[in-house]
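Engineer: Here you go, final.txt (compact mmCIF, C-alpha atoms):
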# COMPACT_ATOMS: atom_id res chain seq x y z
CA MET A 41 -39.09 -70.59 -40.94
CA ARG A 42 -41.83 -68.17 -41.97
CA ILE A 43 -42.96 -65.30 -39.76
CA THR A 44 -46.60 -65.69 -38.74
CA ASP A 45 -47.10 -62.67 -36.47
CA VAL A 46 -45.40 -59.80 -34.64
CA GLU A 47 -46.55 -58.56 -31.25
CA ALA A 48 -45.59 -55.33 -29.51
CA ILE A 49 -46.45 -55.63 -25.81
CA ILE A 50 -46.15 -52.60 -23.56
CA VAL A 51 -45.17 -53.27 -19.95
CA ARG A 52 -45.01 -50.57 -17.31
CA GLN A 53 -44.34 -50.34 -13.61
CA HIS A 54 -47.47 -49.82 -11.52
CA THR A 55 -46.06 -46.80 -9.70
CA GLU A 56 -45.79 -43.37 -11.29
CA ILE A 57 -43.16 -42.86 -13.98
CA ALA A 58 -40.48 -40.51 -12.66
CA MET A 59 -39.28 -37.83 -15.07
CA VAL A 60 -35.65 -38.95 -14.94
CA GLY A 61 -33.37 -40.51 -17.53
CA ASP A 62 -34.33 -44.09 -16.68
CA GLY A 63 -35.75 -46.19 -19.52
CA SER A 64 -36.29 -49.24 -17.31
CA GLN A 65 -39.55 -47.90 -15.83
CA ASP A 66 -41.45 -49.12 -18.88
CA THR A 67 -40.62 -50.93 -22.10
CA VAL A 68 -42.09 -52.49 -25.20
CA VAL A 69 -41.43 -56.18 -25.71
CA ILE A 70 -41.31 -57.43 -29.31
CA LEU A 71 -42.34 -61.01 -30.07
CA VAL A 72 -41.79 -62.42 -33.55
CA HIS A 73 -43.70 -65.68 -33.97
CA THR A 74 -42.83 -68.29 -36.61
CA GLU A 75 -44.52 -71.29 -38.18
CA ASP A 76 -42.00 -73.54 -36.39
CA GLY A 77 -43.41 -72.52 -33.01
CA ILE A 78 -40.27 -70.53 -32.22
CA THR A 79 -40.68 -66.99 -30.90
CA GLY A 80 -37.92 -64.41 -31.03
CA VAL A 81 -37.90 -61.86 -28.21
CA ALA A 82 -36.46 -58.35 -27.88
CA GLU A 83 -37.20 -55.02 -26.25
CA VAL A 84 -36.96 -51.45 -27.51
CA ASP A 85 -35.68 -48.45 -25.56
CA SER A 86 -38.00 -45.84 -27.04
CA ALA A 87 -41.54 -44.52 -26.68
CA PRO A 88 -43.47 -47.79 -26.15
CA TYR A 89 -46.84 -46.59 -27.47
CA GLY A 90 -45.18 -45.12 -30.54
CA VAL A 91 -43.30 -48.33 -31.31
CA LYS A 92 -46.49 -50.36 -30.90
CA THR A 93 -48.31 -48.06 -33.34
CA VAL A 94 -45.55 -48.24 -35.95
CA ILE A 95 -45.67 -52.04 -35.85
CA GLU A 96 -49.43 -52.55 -35.72
CA MET A 97 -50.75 -49.69 -37.88
CA PRO A 98 -52.63 -50.63 -41.06
CA ASP A 99 -51.11 -50.03 -44.48
CA SER A 100 -51.64 -46.67 -46.18
CA HIS A 101 -49.80 -47.30 -49.44
CA MET A 102 -46.68 -49.05 -50.73
CA ALA A 103 -44.20 -46.69 -49.02
CA CYS A 104 -46.25 -46.17 -45.87
CA ARG A 105 -46.95 -49.52 -44.26
CA GLY A 106 -47.14 -51.02 -40.79
CA LEU A 107 -44.10 -53.12 -39.99
CA ARG A 108 -46.08 -56.22 -39.04
CA GLU A 109 -47.79 -56.25 -42.42
CA ILE A 110 -44.39 -55.93 -44.10
CA VAL A 111 -42.69 -58.88 -42.38
CA VAL A 112 -45.43 -61.48 -41.94
CA GLY A 113 -44.80 -64.30 -44.41
CA GLU A 114 -41.08 -63.60 -44.73
CA ASP A 115 -38.38 -66.16 -43.96
CA ALA A 116 -36.95 -65.26 -40.55
CA PHE A 117 -33.46 -66.30 -41.70
CA GLU A 118 -33.35 -63.45 -44.23
CA MET A 119 -32.65 -60.65 -41.73
CA GLU A 120 -30.82 -58.36 -44.15
CA LYS A 121 -33.55 -58.67 -46.79
CA ILE A 122 -36.27 -58.05 -44.19
CA TRP A 123 -34.43 -55.00 -42.84
CA ARG A 124 -34.25 -53.43 -46.27
CA LYS A 125 -37.90 -54.23 -46.95
CA MET A 126 -39.00 -52.56 -43.72
CA TYR A 127 -36.87 -49.51 -44.45
CA GLU A 128 -38.00 -49.05 -48.03
CA ARG A 129 -41.68 -49.56 -47.28
CA SER A 130 -41.78 -47.05 -44.42
CA LEU A 131 -40.01 -44.18 -46.20
CA TYR A 132 -42.89 -41.74 -45.77
CA HIS A 133 -43.03 -41.99 -41.98
CA GLY A 134 -39.65 -43.51 -41.20
CA ARG A 135 -35.96 -43.35 -42.20
CA ARG A 136 -34.92 -42.20 -38.71
CA GLY A 137 -36.17 -42.10 -35.13
CA LEU A 138 -39.21 -44.05 -33.98
CA VAL A 139 -39.60 -46.27 -37.04
CA ILE A 140 -35.93 -47.29 -36.90
CA HIS A 141 -36.42 -48.11 -33.22
CA ALA A 142 -39.37 -50.36 -34.05
CA MET A 143 -37.38 -51.97 -36.86
CA SER A 144 -34.55 -52.57 -34.41
CA GLY A 145 -36.83 -54.52 -32.11
CA ILE A 146 -38.12 -56.74 -34.92
CA ASP A 147 -34.59 -57.23 -36.24
CA MET A 148 -33.25 -58.29 -32.84
CA ALA A 149 -36.15 -60.66 -32.30
CA LEU A 150 -35.37 -62.28 -35.68
CA TRP A 151 -31.76 -62.91 -34.64
CA ASP A 152 -33.01 -64.44 -31.39
CA ALA A 153 -35.46 -66.69 -33.27
CA VAL A 154 -32.84 -67.89 -35.76
CA GLY A 155 -30.39 -68.63 -32.93
CA LYS A 156 -33.06 -70.68 -31.16
CA LYS A 157 -33.87 -72.56 -34.37
CA LEU A 158 -30.22 -73.46 -34.94
CA GLY A 159 -29.48 -74.12 -31.27
CA LEU A 160 -26.71 -71.50 -31.28
CA PRO A 161 -26.03 -68.29 -29.34
CA VAL A 162 -26.41 -65.19 -31.50
CA SER A 163 -22.69 -64.46 -31.15
CA LYS A 164 -22.02 -67.50 -33.34
CA LEU A 165 -24.37 -66.15 -36.02
CA LEU A 166 -22.49 -62.85 -35.94
CA GLY A 167 -19.26 -64.59 -36.88
CA GLY A 168 -18.00 -66.11 -33.66
CA ALA A 169 -17.37 -65.26 -30.03
CA TYR A 170 -14.09 -63.64 -29.02
CA ARG A 171 -14.94 -63.89 -25.31
CA GLN A 172 -17.30 -65.57 -22.87
CA ARG A 173 -17.33 -62.76 -20.33
CA VAL A 174 -16.82 -59.02 -20.38
CA GLN A 175 -15.99 -56.38 -17.81
CA ALA A 176 -18.98 -54.35 -16.66
CA TYR A 177 -19.22 -50.79 -15.48
CA CYS A 178 -21.86 -49.60 -13.06
CA SER A 179 -24.30 -47.19 -14.72
CA VAL A 180 -26.49 -44.95 -12.53
CA LEU A 181 -28.02 -41.49 -12.53
CA MET A 182 -25.99 -38.58 -11.14
CA PRO A 183 -27.35 -37.37 -7.80
CA ASP A 184 -27.18 -33.77 -6.60
CA THR A 185 -25.04 -33.92 -3.47
CA GLU A 186 -21.71 -35.30 -2.28
CA LYS A 187 -23.49 -37.43 0.32
CA GLU A 188 -25.70 -39.07 -2.31
CA ILE A 189 -22.70 -39.78 -4.55
CA CYS A 190 -20.91 -41.47 -1.65
CA GLN A 191 -24.01 -43.54 -0.92
CA LEU A 192 -24.15 -44.74 -4.54
CA VAL A 193 -20.48 -45.70 -4.50
CA GLU A 194 -20.91 -47.59 -1.22
CA ARG A 195 -24.03 -49.37 -2.52
CA HIS A 196 -22.57 -50.64 -5.78
CA MET A 197 -18.79 -50.61 -6.06
CA HIS A 198 -18.21 -53.40 -3.55
CA LYS A 199 -19.81 -55.78 -6.08
CA GLY A 200 -16.61 -55.87 -8.14
CA TYR A 201 -17.05 -53.02 -10.61
CA GLN A 202 -13.87 -51.36 -11.79
CA GLY A 203 -15.69 -48.27 -13.02
CA MET A 204 -18.83 -46.18 -12.59
CA LYS A 205 -20.74 -43.95 -14.97
CA LEU A 206 -22.83 -41.17 -13.49
CA GLY A 207 -25.24 -39.63 -15.94
CA TRP A 208 -28.07 -37.19 -16.49
CA GLY A 209 -29.62 -36.18 -13.16
CA ALA A 210 -27.77 -33.20 -11.71
CA LEU A 211 -25.34 -32.91 -14.63
CA GLY A 212 -25.65 -30.12 -17.15
CA GLN A 213 -27.03 -27.42 -14.84
CA SER A 214 -23.81 -25.41 -15.14
CA PHE A 215 -20.18 -26.04 -15.95
CA GLU A 216 -19.24 -25.12 -12.37
CA LYS A 217 -21.68 -27.63 -10.89
CA ASP A 218 -20.51 -30.34 -13.28
CA LEU A 219 -16.92 -29.85 -12.18
CA GLN A 220 -17.94 -29.96 -8.52
CA LEU A 221 -19.83 -33.21 -9.10
CA VAL A 222 -16.73 -34.70 -10.74
CA LYS A 223 -14.58 -33.72 -7.74
CA TRP A 224 -17.02 -35.42 -5.37
CA ALA A 225 -17.28 -38.52 -7.55
CA ARG A 226 -13.52 -38.95 -7.83
CA LYS A 227 -13.10 -38.51 -4.09
CA ALA A 228 -15.74 -41.17 -3.40
CA LEU A 229 -14.42 -43.64 -6.00
CA GLY A 230 -10.75 -43.25 -5.18
CA ASP A 231 -7.98 -43.08 -7.75
CA ASP A 232 -8.07 -46.71 -8.93
CA LYS A 233 -11.55 -46.81 -10.54
CA PHE A 234 -12.75 -45.55 -13.91
CA LEU A 235 -15.06 -42.54 -13.80
CA MET A 236 -17.36 -41.78 -16.73
CA LEU A 237 -19.89 -38.97 -17.17
CA ASP A 238 -23.05 -38.82 -19.25
CA ILE A 239 -23.98 -35.15 -19.69
CA GLY A 240 -27.34 -36.05 -21.22
CA MET A 241 -26.92 -33.68 -24.20
CA LYS A 242 -27.20 -30.59 -21.99
CA TRP A 243 -24.08 -28.66 -22.94
CA THR A 244 -24.55 -25.92 -25.56
CA ASP A 245 -21.49 -23.65 -25.31
CA VAL A 246 -18.53 -25.31 -27.03
CA LYS A 247 -15.83 -23.09 -25.53
CA GLY A 248 -17.28 -23.60 -22.06
CA ALA A 249 -17.38 -27.33 -22.69
CA VAL A 250 -13.74 -27.36 -23.77
CA LYS A 251 -12.70 -25.41 -20.68
CA THR A 252 -14.67 -27.74 -18.40
CA ALA A 253 -13.39 -30.92 -20.06
CA ARG A 254 -9.80 -29.76 -19.69
CA ALA A 255 -10.43 -29.05 -16.02
CA MET A 256 -11.91 -32.53 -15.62
CA GLU A 257 -8.74 -34.11 -17.00
CA GLU A 258 -7.16 -33.52 -13.59
CA TYR A 259 -9.68 -35.95 -12.08
CA GLY A 260 -9.03 -38.77 -14.52
CA VAL A 261 -12.41 -38.77 -16.24
CA HIS A 262 -12.35 -41.73 -18.65
CA TRP A 263 -15.02 -40.45 -21.02
CA ILE A 264 -17.60 -37.72 -21.42
CA GLU A 265 -20.76 -39.08 -23.00
CA GLU A 266 -23.31 -37.19 -25.10
CA PRO A 267 -22.10 -33.69 -24.22
CA PHE A 268 -24.22 -32.05 -26.96
CA ALA A 269 -27.40 -32.69 -28.92
CA PRO A 270 -26.82 -35.57 -31.35
CA ASP A 271 -27.26 -33.37 -34.44
CA ASP A 272 -24.55 -30.93 -33.36
CA LEU A 273 -21.71 -32.71 -35.12
CA GLU A 274 -19.42 -29.67 -35.25
CA ALA A 275 -19.57 -29.21 -31.48
CA HIS A 276 -18.68 -32.86 -30.87
CA ALA A 277 -15.75 -32.67 -33.29
CA ARG A 278 -14.37 -29.48 -31.73
CA LEU A 279 -14.57 -30.91 -28.22
CA ALA A 280 -13.03 -34.24 -29.24
CA ALA A 281 -10.07 -32.41 -30.76
CA SER A 282 -9.56 -30.24 -27.67
CA THR A 283 -9.34 -32.69 -24.75
CA HIS A 284 -7.50 -35.84 -23.74
CA ILE A 285 -10.74 -37.26 -22.34
CA HIS A 286 -12.53 -39.69 -24.64
CA ILE A 287 -15.73 -38.30 -26.13
CA ALA A 288 -18.50 -40.91 -26.39
CA GLY A 289 -21.95 -41.01 -27.93
CA GLY A 290 -24.21 -42.46 -30.58
CA GLU A 291 -27.08 -43.99 -28.62
CA GLU A 292 -29.55 -41.53 -30.17
CA VAL A 293 -28.37 -42.31 -33.71
CA GLY A 294 -29.92 -44.71 -36.21
CA THR A 295 -28.93 -46.29 -39.54
CA ILE A 296 -25.49 -46.50 -41.11
CA HIS A 297 -26.00 -43.08 -42.71
CA GLU A 298 -25.92 -41.18 -39.41
CA TYR A 299 -23.04 -43.20 -37.97
CA VAL A 300 -20.93 -42.54 -41.05
CA GLN A 301 -21.46 -38.80 -40.51
CA LEU A 302 -20.28 -39.08 -36.90
CA LEU A 303 -17.20 -41.07 -37.87
CA GLU A 304 -16.22 -39.03 -40.91
CA LYS A 305 -16.35 -35.79 -38.91
CA ASN A 306 -14.25 -37.31 -36.08
CA CYS A 307 -16.96 -36.55 -33.54
CA LEU A 308 -16.33 -39.47 -31.19
CA ASP A 309 -13.60 -41.63 -29.72
CA ILE A 310 -16.14 -44.17 -28.47
CA LEU A 311 -19.23 -45.18 -30.41
CA GLN A 312 -22.20 -46.26 -28.31
CA PRO A 313 -24.92 -47.79 -30.49
CA ASP A 314 -28.07 -48.88 -28.72
CA LEU A 315 -29.14 -52.11 -30.43
CA SER A 316 -32.78 -51.19 -29.96
CA ARG A 317 -32.40 -47.82 -31.71
CA CYS A 318 -29.56 -48.08 -34.21
CA GLY A 319 -31.35 -50.48 -36.54
CA GLY A 320 -30.79 -53.69 -34.59
CA LEU A 321 -28.01 -56.21 -34.95
CA THR A 322 -28.16 -56.02 -38.74
CA VAL A 323 -26.86 -52.45 -38.51
CA ALA A 324 -24.71 -52.91 -35.39
CA LYS A 325 -22.63 -55.70 -36.93
CA LYS A 326 -21.65 -53.35 -39.77
CA LEU A 327 -20.64 -50.67 -37.28
CA ALA A 328 -17.99 -52.97 -35.85
CA ASP A 329 -16.12 -52.93 -39.17
CA LEU A 330 -16.55 -49.18 -39.66
CA CYS A 331 -15.17 -48.48 -36.20
CA GLU A 332 -12.26 -50.89 -36.51
CA LEU A 333 -11.15 -49.13 -39.71
CA ARG A 334 -11.12 -45.80 -37.87
CA ARG A 335 -9.75 -47.09 -34.54
CA VAL A 336 -12.91 -46.02 -32.73
CA ALA A 337 -13.96 -48.13 -29.74
CA VAL A 338 -17.45 -49.66 -29.57
CA VAL A 339 -19.13 -49.65 -26.15
CA PRO A 340 -22.87 -50.25 -26.67
CA HIS A 341 -25.53 -48.37 -24.75
CA ALA A 342 -27.89 -50.63 -22.76
CA PHE A 343 -29.69 -48.79 -19.96
CA LYS A 344 -32.80 -50.96 -19.83
CA THR A 345 -33.84 -54.39 -18.51
CA HIS A 346 -31.89 -57.63 -18.72
CA LEU A 347 -33.61 -58.37 -22.03
CA LEU A 348 -31.70 -55.66 -23.90
CA MET A 349 -28.59 -56.50 -21.93
CA ALA A 350 -28.72 -60.12 -23.15
CA ALA A 351 -28.78 -58.98 -26.78
CA THR A 352 -25.99 -56.52 -26.10
CA LEU A 353 -23.83 -59.20 -24.49
CA GLN A 354 -24.15 -61.38 -27.60
CA TYR A 355 -23.05 -58.44 -29.74
CA ILE A 356 -20.12 -57.68 -27.45
CA ALA A 357 -19.04 -61.32 -27.57
CA ALA A 358 -18.64 -61.01 -31.35
CA LEU A 359 -16.67 -57.73 -31.31
CA PRO A 360 -12.95 -58.18 -32.04
CA HIS A 361 -12.18 -55.56 -29.38
CA ALA A 362 -14.50 -54.85 -26.47
CA TRP A 363 -13.98 -52.61 -23.46
CA TYR A 364 -17.08 -52.96 -21.31
CA VAL A 365 -20.76 -53.73 -21.03
CA GLU A 366 -22.99 -51.10 -19.47
CA PHE A 367 -24.69 -52.55 -16.38
CA CYS A 368 -27.78 -50.54 -15.46
CA GLU A 369 -28.15 -50.47 -11.67
CA GLN A 370 -31.48 -48.64 -11.53
CA ASP A 371 -33.68 -50.54 -9.09
CA THR A 372 -36.93 -50.89 -11.02
CA VAL A 373 -39.49 -53.67 -10.92
CA LEU A 374 -39.08 -54.54 -14.62
CA ARG A 375 -35.34 -55.06 -14.20
CA ARG A 376 -36.04 -57.37 -11.28
CA GLU A 377 -38.96 -59.35 -12.69
CA LEU A 378 -39.38 -59.19 -16.48
CA THR A 379 -36.91 -62.00 -17.28
CA THR A 380 -36.11 -65.29 -15.60
CA THR A 381 -32.39 -64.61 -16.05
CA MET A 382 -30.74 -61.99 -13.86
CA PHE A 383 -27.19 -61.06 -14.82
CA GLN A 384 -24.67 -60.64 -12.01
CA VAL A 385 -21.27 -59.04 -11.73
CA ASP A 386 -18.56 -61.28 -10.30
CA GLN A 387 -15.95 -60.12 -7.81
CA GLU A 388 -13.58 -59.21 -10.65
CA GLY A 389 -16.22 -56.98 -12.23
CA PHE A 390 -17.09 -59.30 -15.13
CA VAL A 391 -20.43 -60.54 -16.50
CA ASP A 392 -20.78 -63.95 -18.15
CA ILE A 393 -22.15 -63.95 -21.71
CA PRO A 394 -25.04 -66.43 -22.18
CA GLN A 395 -24.18 -69.58 -24.13
CA ALA A 396 -27.76 -70.80 -24.62
CA PRO A 397 -29.45 -70.52 -28.04
CA GLY A 398 -30.53 -67.09 -29.27
CA PHE A 399 -29.90 -64.32 -26.78
CA GLY A 400 -29.84 -66.89 -23.99
CA ILE A 401 -32.56 -65.28 -21.93
CA GLU A 402 -36.26 -65.92 -21.35
CA LEU A 403 -39.18 -63.73 -20.43
CA ASP A 404 -41.12 -64.42 -17.25
CA PRO A 405 -44.64 -64.91 -18.69
CA GLU A 406 -46.33 -64.10 -15.39
CA ALA A 407 -44.42 -60.82 -15.06
CA LEU A 408 -45.19 -59.98 -18.69
CA GLU A 409 -48.93 -60.27 -17.96
CA ARG A 410 -48.69 -58.62 -14.55
CA TYR A 411 -47.21 -55.40 -15.94
CA ARG A 412 -48.83 -55.46 -19.37
CA VAL A 413 -50.85 -52.43 -20.43
CA GLU A 414 -53.05 -51.92 -23.48
What does this structure look like when you write it as structure tokens?
Structural biologist:
Amino acid sequence: MRITDVEAIIVRQHTEIAMVGDGSQDTVVILVHTEDGITGVAEVDSAPYGVKTVIEMPDSHMACRGLREIVVGEDAFEMEKIWRKMYERSLYHGRRGLVIHAMSGIDMALWDAVGKKLGLPVSKLLGGAYRQRVQAYCSVLMPDTEKEICQLVERHMHKGYQGMKLGWGALGQSFEKDLQLVKWARKALGDDKFLMLDIGMKWTDVKGAVKTARAMEEYGVHWIEEPFAPDDLEAHARLAASTHIHIAGGEEVGTIHEYVQLLEKNCLDILQPDLSRCGGLTVAKKLADLCELRRVAVVPHAFKTHLLMAATLQYIAALPHAWYVEFCEQDTVLRRELTTTMFQVDQEGFVDIPQAPGFGIELDPEALERYRVE
């Protein structure tokens, strides 16, 4: 099943992009076409125009090539070989960041295409499904006031969620404000729901972070996500060793090399790879083994449209141990319209994992054209 073309299609809501931590306002859809007429589909949570350039740019020389030129003609079944080829032939401009994100999108689309060709869900290709549904947690941005927090809880928690993550937004302005927000959130949620925080990499003072985390223990915070910049490994390790709250992160990280650093330095209790940034499923499936050896939980990041969520659900199905799936509840037009499948949370707080071939989800072609930008 030879690859004949790769497309990177940017889609974007028609209204203005708000400067908040919400990646579902725009996206870049990756289509990998094959000679069999099968097209693999994925999306990337990154800078859409940058990803498109990395894929479509013309070759410069043997270690500085556009990703489309690298993969066209390859056998779609050879995902590992293709991954290495993309990595080695983009060394000048890649190795981390944007190029890894673009590689992730192509890699995921290949897994989707192979699953469709074989008539199997991707979880089977990853080694087998341990589950057909997984508990979801509600993931939303942190508002600024107690009233707004209560409104979010009332809007979403009746759907069946057993936990809520509040992230970015008002968090990280000061340790005092963060603690106040936690008090309000716990009061609104009650004592029987999980509460998670995503600091959005805004903390800088380690001792202040330790003091704040210890104070938050009183309110039963389940995890603190991305407290520091991703390169500040020492700060993560010191905080993880100083609190009973789980420290989570890893969505900004790419390739096995960076994840090994995080794990070896005991930076995290929960690893959160984003399939569209870590290197795709080819990298993510290796992380499962690394984390199991170190007794680190894997809870993937997926704050995007249902397209990324479908891929993430297939990955979660194949994990020996899985806590949750992140369920983005941002109300954006792309989340509502980009795919024909809309995932739902049942009254027990679970989401069904697709059993159809590939990722088990389809694009809405009319929506793809309606929101497409050049």
Engineer: Could you check the closest approach to A:Ala362 for each of A:Ala281, A:Gly290, A:Val336, A:Cys178 and tell me which residue wins, using only C-alpha atoms?
Structural biologist: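 Closest candidate: A:Val336.
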Engineer: Counting all atoms listed in the file, what is within 10 Å of stretch 98-109 of chain A, bar same-chain residues fewer than 5 positions away, as a VMD selection string?
Structural biologist: chain A and resid 43 to 48 72 91 to 93 125 to 134 139 142 to 143 146
Engineer: Would you mind listing what lies within 6 Å of A:Arg42 as a PyMOL selection string, with only C-alpha atoms counted and same-chain residues fewer than 6 positions away left out?
Structural biologist: chain A and resi 74-75+113-116
Engineer: List the neighbours of A:Leu315 out to 9 Å using only C-alpha atoms; skip same-chain residues closer than 2 positions along the sequence, and give me the result as a tab-separated table (two decimals) with C-alpha atoms, keeping the file's coordinate frame.
Structural biologist:
chain	number	residue	atom	x	y	z
A	84	VAL	CA	-36.96	-51.45	-27.51
A	85	ASP	CA	-35.68	-48.45	-25.56
A	141	HIS	CA	-36.42	-48.11	-33.22
A	144	SER	CA	-34.55	-52.57	-34.41
A	145	GLY	CA	-36.83	-54.52	-32.11
A	148	MET	CA	-33.25	-58.29	-32.84
A	291	GLU	CA	-27.08	-43.99	-28.62
A	313	PRO	CA	-24.92	-47.79	-30.49
A	317	ARG	CA	-32.40	-47.82	-31.71
A	318	CYS	CA	-29.56	-48.08	-34.21
A	319	GLY	CA	-31.35	-50.48	-36.54
A	320	GLY	CA	-30.79	-53.69	-34.59
A	321	LEU	CA	-28.01	-56.21	-34.95
A	323	VAL	CA	-26.86	-52.45	-38.51
A	324	ALA	CA	-24.71	-52.91	-35.39
A	340	PRO	CA	-22.87	-50.25	-26.67
A	341	HIS	CA	-25.53	-48.37	-24.75
A	342	ALA	CA	-27.89	-50.63	-22.76
A	348	LEU	CA	-31.70	-55.66	-23.90
A	351	ALA	CA	-28.78	-58.98	-26.78
A	352	THR	CA	-25.99	-56.52	-26.10
A	355	TYR	CA	-23.05	-58.44	-29.74
Engineer: Using all atoms listed in the file for the distances, tell me which of A:Asp329, A:Val154, A:Val246, A:Leu311 is nearest to A:Asp76.
Structural biologist: A:Val154
Engineer: Choose the residue, out of A:Tyr259, A:Tyr411, A:Trp208, A:Tyr177, that has the smallest atom-to-atom separation from A:Glu366; count all atoms listed in the file.
Structural biologist: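 Of A:Tyr259, A:Tyr411, A:Trp208, A:Tyr177, the one nearest A:Glu366, counting all atoms listed in the file, is A:Tyr177.
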Engineer: Quick check, in Å to one decimal: how far apart do atom CA of A:Val250 and atom CA of A:Leu221 lie?
Structural biologist: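 Computing it gives 16.9 Å between the two atoms.
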Engineer: Which residue gives the smallest distance to A:Ala396 among A:Arg412, A:Thr381, A:Ala277, A:Asp66, with all atoms listed in the file counted?
Structural biologist: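 Answer, going by the shortest atom-to-atom distance: A:Thr381.
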Engineer: Name the closest residue to A:Leu211 among the candidates A:Lys247, A:Arg135, A:Leu359, A:Val60; distances are taken between atoms, counting all atoms listed in the file.
Structural biologist: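 Closest residue, counting all atoms listed in the file: A:Val60.
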Engineer: Give me, please, the distance in Å between atom CA of A:Gly389 and atom CA of A:Glu265, quoted to one decimal.
Structural biologist: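 Taking atom CA of A:Gly389 as the start and atom CA of A:Glu265 as the end point, the length is 21.4 Å.
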Engineer: Counting all atoms listed in the file, figure out which residue out of A:Val193, A:Ala153, A:Leu327, A:Met256 gets nearest to A:Ile296.
Structural biologist: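 Closest to A:Ile296 of all the choices is A:Leu327.
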Engineer: Using atom CA of A:Leu378 and atom CA of A:Glu414 as the two end points, give the distance in Å to one decimal.
Structural biologist: 17.0 Å
Engineer: Give me the residues within 7 Å of A:Tyr364 as a PyMOL selection string, counting only C-alpha atoms and dropping any in the same chain fewer than 3 places off.
Structural biologist: chain A and resi 174-177+339
Engineer: For a cutoff of 12 Å around the file-coordinate point (-22.3, -29.2, -35.3), which residues qualify once you count all atoms listed in the file? I'd like the result as a list in words.
Structural biologist: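 Result, sorted by chain then residue number: Thr244, Asp245, Val246, Pro267, Phe268, Ala269, Pro270, Asp271, Asp272, Leu273, Glu274, Ala275, His276, Ala277, Arg278, Leu279, Gln301, Leu302, Lys305, Asn306 and Cys307 of chain A.
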Engineer: Give me, as a list of chain:residue names, all polymer residues having an atom no more than 10 Å from A:Met236, counting only C-alpha atoms and skipping those fewer than 3 positions away in the same chain.
Structural biologist: A:Tyr177, A:Cys178, A:Ser179, A:Gly203, A:Met204, A:Lys205, A:Leu206, A:Gly207, A:Val222, A:Ala225, A:Lys233, A:Ile239, A:Gly260, A:Val261, A:His262, A:Trp263, A:Ile264, A:Glu265, A:Ile285, A:His286, A:Ala288
Engineer: Find the axis-aligned box for stretch 131-139 of chain A, covering all its listed atoms and adding 3 Å on each side, and write its centre and edge lengths in Å to one decimal as JSON.
Structural biologist:
{"center_x": -39.0, "center_y": -44.0, "center_z": -40.1, "size_x": 14.1, "size_y": 10.5, "size_z": 18.2}
